[in-house]
Amino acid sequence: MTAPGICWPSVRIAQRQSTAVEPGRSCDNQAPESRLRFHMRTTARAPQGNLSPLSRIRNIIAIGSGKGGVGKSTTAVNLALALAADGARAGVLDADVYGPSVPMMLGLSGRPDSPDGKSIVPMRAHGIEAMSIGLLVEQDTPMIWRGPMATSALTQLLNETLWGGEDGLDYLIVDLPPGTGDIQLTLAQKIPVAGAIIVTTPQDVATLDARKALKMFQKVDVAVLGLIENMAQHVCSNCGHVEHLFGQGGGERMAEQYGVPLLGSLPLEAGIREQGDAGTPVVAAQPDSAAAQAYHGAARRLVEELAKRPRAPMPISASLL
């Protein structure tokens with residue numbers, strides 16, 4: 001079933017009038033990076049239930065939260081950029097079909113290419129791949145869909161995108177909408193997820209809902225790799241005074257209560273918001289900044305926790321090679 005408004009042939013026709021982003025180039029036509037980068041193929045980890053990893057994606061990582069406004073999308077995009085900076089092939093799937101924000105955060109515009117009217121070539125920005133419903137409709141078009149149509153759109157975006165070219169992706173970060181509704185249920189039942197990360201802010205009203213998201217993943221047998229506490233502290237740009245505007249230690253207490261790692265505590269900085277609005281997230285714009293290093297630290301902890309998971313069973317055909 002094709003979700004209304006994103007029929008691939010019509011997308012392909014529209015794309016004839018747009019310029020596709022070349023692989024290896026960022027969306028703002030910057031030259032490819034000249035520095036030498038090495039890549040070692042990442043091991044696929046076992047997803048939930050009897051599902052097997054997709055042929056083009058070794059590990060799907062779901063980024064969830066119990067409520068909106070906690071910086072989940074900003075965290076998802078910067079984690080993908082941090083993974084890519086460490087040499088992984090990474091991408092982002094914007095699963096929030098009602099409020100897609102990944103195109104703006106990555107500075108993407110235009111339409112993705114559809115070479116055969118059925119599949120889609122993901123767009124690229126800052127060294128990662130991305131796909132979003134926001135790239136297939138006008139920016140101010142509301143998606144007035146019931147749950148089945150939204151979940152159909154998600155599965156199309158995942159399965160009909162040519163992720164990673166011939167080499168595939170090591171990690172696909174899936175930026176989920178807030179809550180525990182239809183899209184999250186579809187993800188748990190039909191999509192092979194290697195692990196999930198919960199994003200929260202320190203205050204009690206945020207951790208209250210984050211607990212629900214964590215318990216949801218546990219109930220559907222998706223491994224929770226850890227918790228990320230966003231907006232944990234603010235450092236005054238004038239005097240250097242540290243303030244905990246949203247409380248202190250909420251993420252740490254929640255992680256301890258549920259026996260999951262705290263992958264990182266991210267700062268509350270104007271620059272993170274400004275860079276995201278400008279389409280160049282802080283990990284890409286200011287890779288040596290303290291904020292970017294916090295994202296790098298969380299991404300590396302993510303990889304460490306994922307490595308503790310069982311390997312995905314190797315297909316018989318692959319084992320004979």
# chains A, B, ... in the order shown; residues from 1 in each chain; ligands from 1
>>> residues_around(residues="stretch 213-229 of chain A", least_positions_apart="3", cutoff="6 Å", atoms="only C-alpha atoms", output="list in words")
Gln48, Ser65, Gly66, Gly195, Ala196, Ile197, Ile198, Val199, Thr200, Thr201, Ala210, Gly251, Val260, Pro261, Leu262, Leu263, Gly264, Ser265 and Glu305 of chain A
>>> residues_around(residues="A:Gly134", least_positions_apart="5", cutoff="10 Å", atoms="only C-alpha atoms", output="list in words")
Asp94, Asp96, Val97, Tyr98, Gly99, Pro100, Ser101, Val102, Pro103, Met104, Leu108, Ser109, Gly110, Arg111, Gln139, Asp140, Thr141, Pro142 and Met143 of chain A
>>> select_by_dssp(residues="stretch 99-297 of chain A", states="alpha helix (DSSP H)", output="ChimeraX atom specification")
/A:102-106,147-159,182-190,204-219,250-258,270-278,282-285,290-297
>>> residues_around(residues="stretch 144-151 of chain A", least_positions_apart="4", cutoff="7 Å", atoms="only C-alpha atoms", output="list in words")
Ala3, Val97, Thr155, Asp182, Ile183 and Thr186 of chain A
>>> write_last_selection(atoms="N, CA and C atoms", output="compact mmCIF listing (two decimals), in the first residue's frame")
# COMPACT_ATOMS: atom_id res chain seq x y z
N ALA A 3 1.41 5.08 0.60
CA ALA A 3 0.81 6.18 1.34
C ALA A 3 0.49 7.32 0.40
N VAL A 97 6.67 11.21 10.62
CA VAL A 97 6.02 11.62 9.37
C VAL A 97 5.12 12.83 9.58
N THR A 155 7.52 2.29 6.52
CA THR A 155 8.09 1.08 5.95
C THR A 155 8.54 1.30 4.51
N ASP A 182 1.54 4.01 17.04
CA ASP A 182 1.54 3.08 15.91
C ASP A 182 2.91 2.92 15.27
N ILE A 183 3.63 4.01 15.08
CA ILE A 183 4.92 3.92 14.40
C ILE A 183 5.90 3.13 15.25
N THR A 186 4.98 -0.56 14.92
CA THR A 186 5.43 -1.10 13.63
C THR A 186 6.92 -1.37 13.63
>>> atom_distance(atom1="atom CA of A:Gly250", atom2="atom CA of A:Ala299")
20.4 Å
>>> atom_distance(atom1="atom CA of A:Leu169", atom2="atom CA of A:Leu154")
18.1 Å
>>> closest_residue(among="A:Ala125, A:Ile272, A:Leu176, A:Leu158", to="A:Ser55", atoms="only C-alpha atoms")
A:Leu158
>>> atom_distance(atom1="atom CA of A:Ala90", atom2="atom CA of A:Gly181")
26.1 Å
>>> residues_around(residues="A:Ala88", least_positions_apart="3", cutoff="12 Å", atoms="only C-alpha atoms", output="MDAnalysis selection string")
chainID A and resid 37:43 57:59 79:85 91 127:129 164 167:172 299:300 303
>>> closest_residue(among="A:Ala312, A:Ala285, A:Asp116, A:Gln257", to="A:Gly49", atoms="only C-alpha atoms")
A:Ala312
>>> residues_around(residues="stretch 280-282 of chain A", least_positions_apart="3", cutoff="9 Å", atoms="only C-alpha atoms", output="VMD selection string")
chain A and resid 74 77 to 78 81 105 to 107 125 to 126 271 to 277 285 to 287 289 291 to 292
>>> select_by_dssp(residues="stretch 185-247 of chain A", states="strand (DSSP E or B)", output="ChimeraX atom specification")
/A:195-200,224-229,234-235,242-243
>>> residues_around(residues="A:His234", least_positions_apart="5", cutoff="10 Å", atoms="only C-alpha atoms", output="short mmCIF file (atom, residue, chain, number, x, y, z; two decimals) with N, CA and C atoms, in the first residue's frame")
data_model
loop_
_atom_site.label_atom_id
_atom_site.label_comp_id
_atom_site.auth_asym_id
_atom_site.auth_seq_id
_atom_site.Cartn_x
_atom_site.Cartn_y
_atom_site.Cartn_z
N GLY A 240 31.23 31.61 32.73
CA GLY A 240 31.57 30.21 32.89
C GLY A 240 30.82 29.49 33.99
N HIS A 241 29.86 30.17 34.61
CA HIS A 241 29.08 29.54 35.68
C HIS A 241 28.20 28.43 35.11
N VAL A 242 28.17 27.29 35.80
CA VAL A 242 27.39 26.14 35.36
C VAL A 242 26.04 26.13 36.09
N GLU A 243 24.97 26.05 35.31
CA GLU A 243 23.62 25.97 35.88
C GLU A 243 22.91 24.74 35.34
N HIS A 244 22.12 24.12 36.19
CA HIS A 244 21.31 22.97 35.80
C HIS A 244 19.86 23.45 35.70
N LEU A 245 19.52 24.01 34.55
CA LEU A 245 18.24 24.68 34.39
C LEU A 245 17.06 23.72 34.48
N PHE A 246 17.26 22.47 34.11
CA PHE A 246 16.17 21.49 34.12
C PHE A 246 16.36 20.45 35.22
N LEU A 266 24.44 15.68 27.66
CA LEU A 266 24.71 16.70 26.65
C LEU A 266 24.37 18.09 27.18
N PRO A 267 25.11 19.09 26.75
CA PRO A 267 24.90 20.44 27.28
C PRO A 267 23.72 21.15 26.64
N LEU A 268 23.26 22.19 27.31
CA LEU A 268 22.27 23.12 26.76
C LEU A 268 23.02 24.35 26.28
N GLU A 269 23.16 24.47 24.96
CA GLU A 269 23.92 25.57 24.38
C GLU A 269 23.15 26.20 23.24
N ALA A 270 23.23 27.52 23.14
CA ALA A 270 22.59 28.21 22.03
C ALA A 270 23.17 27.77 20.69
#
>>> residues_around(residues="A:Leu306", least_positions_apart="4", cutoff="9 Å", atoms="only C-alpha atoms", output="PyMOL selection string")
chain A and resi 45+194-195+225+301-302+310
